[in-house]
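The structure appears below as C-alpha cells.
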Amino acid sequence: MWLTGADTFSGNGNSSTDEPQSGGWLHKFTVGAYKPFFDVDTSDVVERLKESLFPFRGTFTEKTADKPDLYGPFWICTTLIFVAASIGTFVTYVAHKWKKQEWNYDINLVTWSAGVFYGYVTLVPLALYVVLKYFSAPSGLVQLFCLYGYSLFVFIPALCLSVVPVEIFRWVIAGVAGFMSATFVALNLKAHINSAGERSILIIASIFLLQLGLAVVLKLYLFTVTV
Amino acid sequence: MSHNDTVPLYQSSQSDIDEIENMMSEGFQSGPGSVLPARPPSPIRPSIPVTSSPLVQSNLPPLPPAQKVTPVPVPPSGSSGSEGGKAIGFGSPPNTLTEPVWDTVKRDLARIVSNLKLVVFPNPNREDPGKALRDWDLWGPFFFIVFLGLTLSWSASVKKSEVFAVAFALLAAGAVILTLNVLLLGGHIIFFQSLSLLGYCLFPLDVGAVICMLKDNVILKMIVVCVTLAWSSWAAYPFMSAAVNPRRKALALYPVFLMYVSVGFLIIAID
C-alpha cells in the first residue's frame with residue numbers, strides 16, 4: 001500500500017515498478033531499491049537548497065514532484081547535527097572560559113542532537129502521511145521526507161549566527177529561522193491539502209507550530225548556558 | 001614411509017589411515033564389545049589395557065615409532081618463532097595454515113605498510129596506480145580506527161569510555177554510510193574496498209591526535225588538526241571522485257569532508 005502511495009506521486013517509472021514483487025519484501029533491503037531516490041546531480045541539490053531559503057514562493061513541491069530525493073534530507077540532518085553539537089560546545093566553552101571556570105566536553109550533545117534531528121525528520125513526516133491519508137488527501141511519503149529535510153536547511157546558517165553571545169540576538173535569529181522554516185513547510189503543503197476541506201487549516205496550523213517549536217527547543221537546549 | 005621429509009601433515013594423516021586399517025582388520029577378529037579408541041592415545045603408556053588388550057598391545061610395536069616421530073616435527077613448525085621455515089602442505093602453493101605465525105604477521109604488516117604508502121602518499125606518476133585498490137585489506141583500517149578511539153579516550157579527562165564509544169561508532173558507521181552514499185548515487189565501488197580506503201585515509205588524523213594528546217595548546221591543536229584534515233581529505237579525494245559520475249562528484253565528496261571535519265573537531269574539543 002505504502003509503495004503504491006509513493007509511486008503515484010513520484011512520477012518517473014522507477015525501477016521498483018518494473019519488477020513486481022521480484023524479491024518480495026526482501027527487495028526493500030537491497031541498495032537498488034533506494035537508488036531512484038538518490039538520482040540527483042549536484043546542480044539539482046544546490047537548486048533545491050536555494051529554493052528552501054525562499055519560503056514564500058511555494059513552488060518546492062512542484063519542482064520535486066517527479067524526482068524527490070532523500071540525499072538532501074539525510075545529509076542536511078547530519079550536517080545540522082554536527083553544526084549544532086560543535087557550536088553548542090563552542091558556546092559553552094567560551095562561556096566557561098570567560099568566567100574562568102572548569103569546562104569539560106559534553107559528549108551527550110552529539111547523541112542528543114542526533115536523536116532530535118533524525119527523529120524529527122523521520123517521525124513527523126510519517127505522522128503527517130498517516131494523517132493526510134486519513135483525511136483522503138494523500139501525499140507521497142518520500143515527498144514529505146524531502147520537504148521536511150530541506151526545510152531544516154535554514155537552521156544551519158541560523159546556528160552559525162547564534163554564536164554571538166547576545167541573548168536577544170539569539171532569540172531573534174531563532175525566531176526568524178523558525179518562522180521561515182515553518183512557512184516553507186506550510187505553504188508547500190497548502191496547495192496540496194486544500195482538498196481536505198475544513199480540516200486543512202487545522203493541519204497547516206499544527207505543522208507550522210511544530211516547526212516553530214523545534215526552533216525554540218534548539219535555542220533553549222543548545223544556547224542556554226548556565227555558568 | 002620416511003620420517004625426514006617436510007610433509008608432517010601428510011605424514012600423520014597417512015599414519016592415521018594405516019592405524020585405522022590395522023584396527024579394522026584386527027577388529028573383525030576381536031572379541032565382543034571391543035570398542036577401540038579412534039587414535040590410541042596410549043601407545044606411549046601401554047599400561048592402560050582397558051579394552052581388548054591384545055589388540056592394543058598388538059598395535060603397539062608398529063605405532064610408537066610412527067606416533068612418536070610424527071607429532072614431534074609438527075609442533076615446532078606450528079609454533080611461533082620457529083626458524084624451520086615454511087612447511088609445505090599438500091602440494092606446491094605455500095600452505096598458510098602451517099606456516100609460522102611470525103611469517104603471517106610479517107606478511108600482513110608488509111601489506112598494511114604498502115597500502116598505507118599507496119593511499120596516504122598519492123603519487124600521480126607512480127607506475128601502478130591501481131595497486132592499493134586491488135590489494136585492500138581490513139586490518140589496517142581496524143587498527144587505525146581503534147587507535148584513534150584509544151588516543152581520544154586517553155586525552156579525555158572525564159567520561160573516557162563514552163568518548164571512545166562515540167569516536168569508534170562515528171568512524172565505523174561513518175565509513176559504512178559513506179560507502180552506501182556512493183553506491184546509492186550510482187557509483188561503482190566495492191563495499192569493503194571503500195571501507196579499507198577510508199580507513200587508511202584516517203592515518204594523518206591518527207598522527208594529529210597523538211600530537212594533540214602530547215601538547216595541550218589550543219592554537220597548536222587547531223593548526224595540527226587543520227593540516228592533518230587537509231591531508232586526509234586530499235588522500236581520499238582521488239578514490240571517491242573516481243567512483244562516481246562527474247556531475248555528482250561534489251555530492252560524494254562532501255560527506256567525506258564532513259566526517260573528517262567532525263573527527264577533527266572531536267580531537268580539538270577533547271582535552
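Residue numbers start at 1 in each chain; chains themselves are named A, B, ... in the order of the C-alpha cells; ligands are numbered from 1 in the order shown.
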Next item on the list: Provide as a VMD selection string the residues of chain A at most 12 Å from chain B, counting only C-alpha atoms.
Entry: chain A and resid 30 to 46 69 to 72 74 to 90 92 to 93 102 to 111 114
Margin query: If we count only C-alpha atoms and set the cut-off at 10 Å, which residues sit around Ser233 (chain B), ignoring sequence neighbours fewer than 2 positions away in its own chain? Please answer as a PyMOL selection string.
Written below: chain B and resi 120+198+201-202+204+228-231+235-238+253+256-261
Save out the residues we just selected, all heavy atoms, as a compact mmCIF listing (two decimals), in the first residue's frame.
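Contents of selection_11.txt, freshly written:
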```
# COMPACT_ATOMS: atom_id res chain seq x y z
N VAL B 120 48.06 7.01 1.36
CA VAL B 120 48.22 8.28 2.06
C VAL B 120 49.23 9.20 1.38
O VAL B 120 49.20 10.40 1.56
CB VAL B 120 48.62 8.00 3.52
CG1 VAL B 120 48.88 9.27 4.26
CG2 VAL B 120 47.51 7.26 4.20
N LEU B 198 38.88 4.25 3.12
CA LEU B 198 38.53 5.29 4.07
C LEU B 198 39.27 5.08 5.39
O LEU B 198 39.66 6.04 6.05
CB LEU B 198 37.02 5.30 4.31
CG LEU B 198 36.24 5.91 3.17
CD1 LEU B 198 34.76 5.63 3.33
CD2 LEU B 198 36.47 7.40 3.10
N CYS B 201 42.83 6.31 5.01
CA CYS B 201 42.94 7.77 4.96
C CYS B 201 42.83 8.39 6.34
O CYS B 201 43.00 9.60 6.47
CB CYS B 201 41.85 8.35 4.06
SG CYS B 201 42.09 7.93 2.35
N LEU B 202 42.52 7.60 7.36
CA LEU B 202 42.48 8.14 8.72
C LEU B 202 43.86 8.30 9.33
O LEU B 202 43.99 8.88 10.40
CB LEU B 202 41.71 7.18 9.62
CG LEU B 202 40.23 7.40 9.72
CD1 LEU B 202 39.69 6.37 10.68
CD2 LEU B 202 39.93 8.76 10.26
N PRO B 204 46.55 10.16 8.77
CA PRO B 204 47.01 11.50 9.18
C PRO B 204 46.30 12.01 10.42
O PRO B 204 46.90 12.67 11.28
CB PRO B 204 46.68 12.37 7.97
CG PRO B 204 46.60 11.45 6.83
CD PRO B 204 46.08 10.18 7.37
N THR B 228 46.31 18.09 9.22
CA THR B 228 46.07 16.66 9.01
C THR B 228 44.73 16.41 8.35
O THR B 228 44.57 15.46 7.58
CB THR B 228 46.14 15.90 10.35
OG1 THR B 228 45.27 16.53 11.27
CG2 THR B 228 47.54 15.88 10.89
N LEU B 229 43.76 17.27 8.64
CA LEU B 229 42.46 17.15 7.99
C LEU B 229 42.58 17.35 6.50
O LEU B 229 42.03 16.58 5.68
CB LEU B 229 41.57 18.23 8.59
CG LEU B 229 40.17 18.32 8.14
CD1 LEU B 229 39.44 17.23 8.82
CD2 LEU B 229 39.58 19.63 8.57
N ALA B 230 43.34 18.39 6.11
CA ALA B 230 43.53 18.64 4.68
C ALA B 230 44.24 17.45 4.03
O ALA B 230 43.89 17.03 2.92
CB ALA B 230 44.34 19.92 4.49
N TRP B 231 45.20 16.91 4.73
CA TRP B 231 45.94 15.76 4.19
C TRP B 231 45.02 14.55 4.00
O TRP B 231 45.05 13.89 2.96
CB TRP B 231 47.08 15.43 5.15
CG TRP B 231 48.01 14.37 4.71
CD1 TRP B 231 48.04 13.72 3.51
CD2 TRP B 231 49.06 13.81 5.48
NE1 TRP B 231 49.04 12.80 3.50
CE2 TRP B 231 49.69 12.83 4.69
CE3 TRP B 231 49.55 14.05 6.78
CZ2 TRP B 231 50.76 12.09 5.16
CZ3 TRP B 231 50.62 13.30 7.23
CH2 TRP B 231 51.22 12.33 6.42
N ALA B 235 43.98 12.76 0.50
CA ALA B 235 44.24 11.35 0.22
C ALA B 235 42.98 10.63 -0.23
O ALA B 235 43.03 9.73 -1.07
CB ALA B 235 44.82 10.67 1.47
N ALA B 236 41.83 11.03 0.32
CA ALA B 236 40.60 10.33 -0.02
C ALA B 236 40.01 10.79 -1.34
O ALA B 236 39.21 10.09 -1.95
CB ALA B 236 39.57 10.52 1.10
N TYR B 237 40.41 11.99 -1.77
CA TYR B 237 39.79 12.60 -2.94
C TYR B 237 39.86 11.74 -4.22
O TYR B 237 38.84 11.54 -4.86
CB TYR B 237 40.41 13.98 -3.17
CG TYR B 237 39.92 14.69 -4.39
CD1 TYR B 237 38.74 15.43 -4.35
CD2 TYR B 237 40.61 14.64 -5.59
CE1 TYR B 237 38.28 16.08 -5.46
CE2 TYR B 237 40.14 15.30 -6.70
CZ TYR B 237 38.98 16.02 -6.63
OH TYR B 237 38.52 16.66 -7.74
N PRO B 238 41.03 11.23 -4.61
CA PRO B 238 41.06 10.51 -5.88
C PRO B 238 40.15 9.28 -5.92
O PRO B 238 39.49 9.03 -6.93
CB PRO B 238 42.52 10.09 -6.07
CG PRO B 238 43.25 10.52 -4.89
CD PRO B 238 42.38 11.31 -4.01
N LEU B 253 31.77 13.75 -2.39
CA LEU B 253 32.93 14.20 -1.61
C LEU B 253 32.54 14.96 -0.35
O LEU B 253 33.26 14.92 0.64
CB LEU B 253 33.82 15.08 -2.47
CG LEU B 253 34.61 14.30 -3.50
CD1 LEU B 253 35.31 15.25 -4.43
CD2 LEU B 253 35.63 13.43 -2.80
N VAL B 256 32.45 12.95 2.91
CA VAL B 256 33.79 12.56 3.37
C VAL B 256 34.41 13.71 4.15
O VAL B 256 34.92 13.55 5.26
CB VAL B 256 34.68 12.20 2.17
CG1 VAL B 256 36.07 11.83 2.63
CG2 VAL B 256 34.08 11.07 1.39
N PHE B 257 34.32 14.89 3.54
CA PHE B 257 34.85 16.07 4.19
C PHE B 257 34.16 16.31 5.53
O PHE B 257 34.80 16.63 6.55
CB PHE B 257 34.64 17.26 3.25
CG PHE B 257 35.16 18.54 3.79
CD1 PHE B 257 36.51 18.74 3.96
CD2 PHE B 257 34.29 19.55 4.16
CE1 PHE B 257 36.99 19.91 4.47
CE2 PHE B 257 34.75 20.73 4.67
CZ PHE B 257 36.11 20.92 4.82
N LEU B 258 32.83 16.14 5.55
CA LEU B 258 32.08 16.34 6.79
C LEU B 258 32.55 15.40 7.88
O LEU B 258 32.74 15.80 9.04
CB LEU B 258 30.59 16.13 6.51
CG LEU B 258 29.65 16.34 7.68
CD1 LEU B 258 29.65 17.79 8.08
CD2 LEU B 258 28.25 15.92 7.29
N MET B 259 32.77 14.14 7.52
CA MET B 259 33.18 13.18 8.53
C MET B 259 34.56 13.53 9.09
O MET B 259 34.76 13.49 10.31
CB MET B 259 33.22 11.76 7.96
CG MET B 259 33.59 10.75 9.04
SD MET B 259 33.45 9.06 8.53
CE MET B 259 35.10 8.74 8.00
N TYR B 260 35.49 13.89 8.21
CA TYR B 260 36.83 14.21 8.70
C TYR B 260 36.81 15.49 9.53
O TYR B 260 37.53 15.60 10.53
CB TYR B 260 37.80 14.31 7.54
CG TYR B 260 38.17 12.97 6.94
CD1 TYR B 260 38.47 12.84 5.60
CD2 TYR B 260 38.18 11.83 7.72
CE1 TYR B 260 38.80 11.62 5.07
CE2 TYR B 260 38.49 10.60 7.19
CZ TYR B 260 38.80 10.50 5.86
OH TYR B 260 39.12 9.29 5.33
N VAL B 261 35.96 16.45 9.14
CA VAL B 261 35.87 17.67 9.94
C VAL B 261 35.32 17.37 11.33
O VAL B 261 35.81 17.90 12.33
CB VAL B 261 35.01 18.72 9.22
CG1 VAL B 261 34.59 19.82 10.17
CG2 VAL B 261 35.77 19.34 8.08
```
Next item on the list: May I have all residues of region 14-149 of chain A that DSSP, computed from the backbone, assigns to helix (DSSP H, G or I), given as an NGL selection string?
Entry: :A and (15-18 or 24-29 or 32-38 or 42-52 or 60-63 or 71-98 or 108-134 or 141-149)
Item checked: Distance query Ser155 (chain B) at most 10 Å, only C-alpha atoms, self and fewer than 3 positions along chain excluded, as a PyMOL selection string -> chain B and resi 149-152+158+160+163+209-210+212-214+216+267+270-271
Check: Quick one, how far is CA of Pro68 (chain A) from CA of Tyr148 (chain A)?
Finding: 11.7 Å
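Computed from the coordinates, the CA of Ile190 (chain B) to CA of Cys226 (chain B) distance equals 29.7 Å.
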Notebook entry, point to check: Between CA of Ala182 (chain A) and CA of Gln211 (chain A), what is the spacing in Å?
Noted result: 5.2 Å
Item checked: Shell around Phe155 (chain A) at 12 Å using only C-alpha atoms, local window under 6 positions removed, as a PyMOL selection string -> chain A and resi 52-53+76-77+79-81+83-84+117+149+161-162+173-182+211-212+214-216+218-219
Would you save the residues of that selection, restricted to C-alpha atoms, as a JSON list (two decimals), in the first residue's frame?
```json
[["chain", "number", "residue", "atom", "x", "y", "z"],
["A", 52, "SER", "CA", 14.29, 26.29, 0.55],
["A", 53, "LEU", "CA", 15.63, 29.69, 1.51],
["A", 76, "ILE", "CA", 21.22, 18.20, 5.82],
["A", 77, "CYS", "CA", 20.24, 16.47, 9.06],
["A", 79, "THR", "CA", 25.32, 18.43, 8.89],
["A", 80, "LEU", "CA", 22.88, 20.00, 11.32],
["A", 81, "ILE", "CA", 23.84, 17.50, 14.00],
["A", 83, "VAL", "CA", 26.96, 22.05, 13.43],
["A", 84, "ALA", "CA", 24.64, 22.00, 16.43],
["A", 117, "PHE", "CA", 17.08, 15.86, 14.23],
["A", 149, "GLY", "CA", 14.53, 17.62, 5.16],
["A", 161, "LEU", "CA", 24.97, 33.08, 13.57],
["A", 162, "SER", "CA", 23.91, 32.14, 17.09],
["A", 173, "ILE", "CA", 17.68, 34.55, 14.96],
["A", 174, "ALA", "CA", 15.85, 31.52, 16.31],
["A", 175, "GLY", "CA", 12.52, 33.19, 15.70],
["A", 176, "VAL", "CA", 13.30, 34.22, 12.15],
["A", 177, "ALA", "CA", 14.71, 30.81, 11.21],
["A", 178, "GLY", "CA", 11.80, 29.00, 12.78],
["A", 179, "PHE", "CA", 9.32, 31.25, 11.01],
["A", 180, "MET", "CA", 10.99, 30.78, 7.63],
["A", 181, "SER", "CA", 11.17, 27.06, 8.01],
["A", 182, "ALA", "CA", 7.61, 26.73, 9.19],
["A", 211, "GLN", "CA", 8.30, 23.64, 13.32],
["A", 212, "LEU", "CA", 8.39, 26.75, 15.46],
["A", 214, "LEU", "CA", 11.60, 22.79, 17.08],
["A", 215, "ALA", "CA", 13.36, 26.12, 16.70],
["A", 216, "VAL", "CA", 12.54, 27.08, 20.28],
["A", 218, "LEU", "CA", 17.01, 24.11, 19.77],
["A", 219, "LYS", "CA", 17.58, 27.58, 21.09]]
```
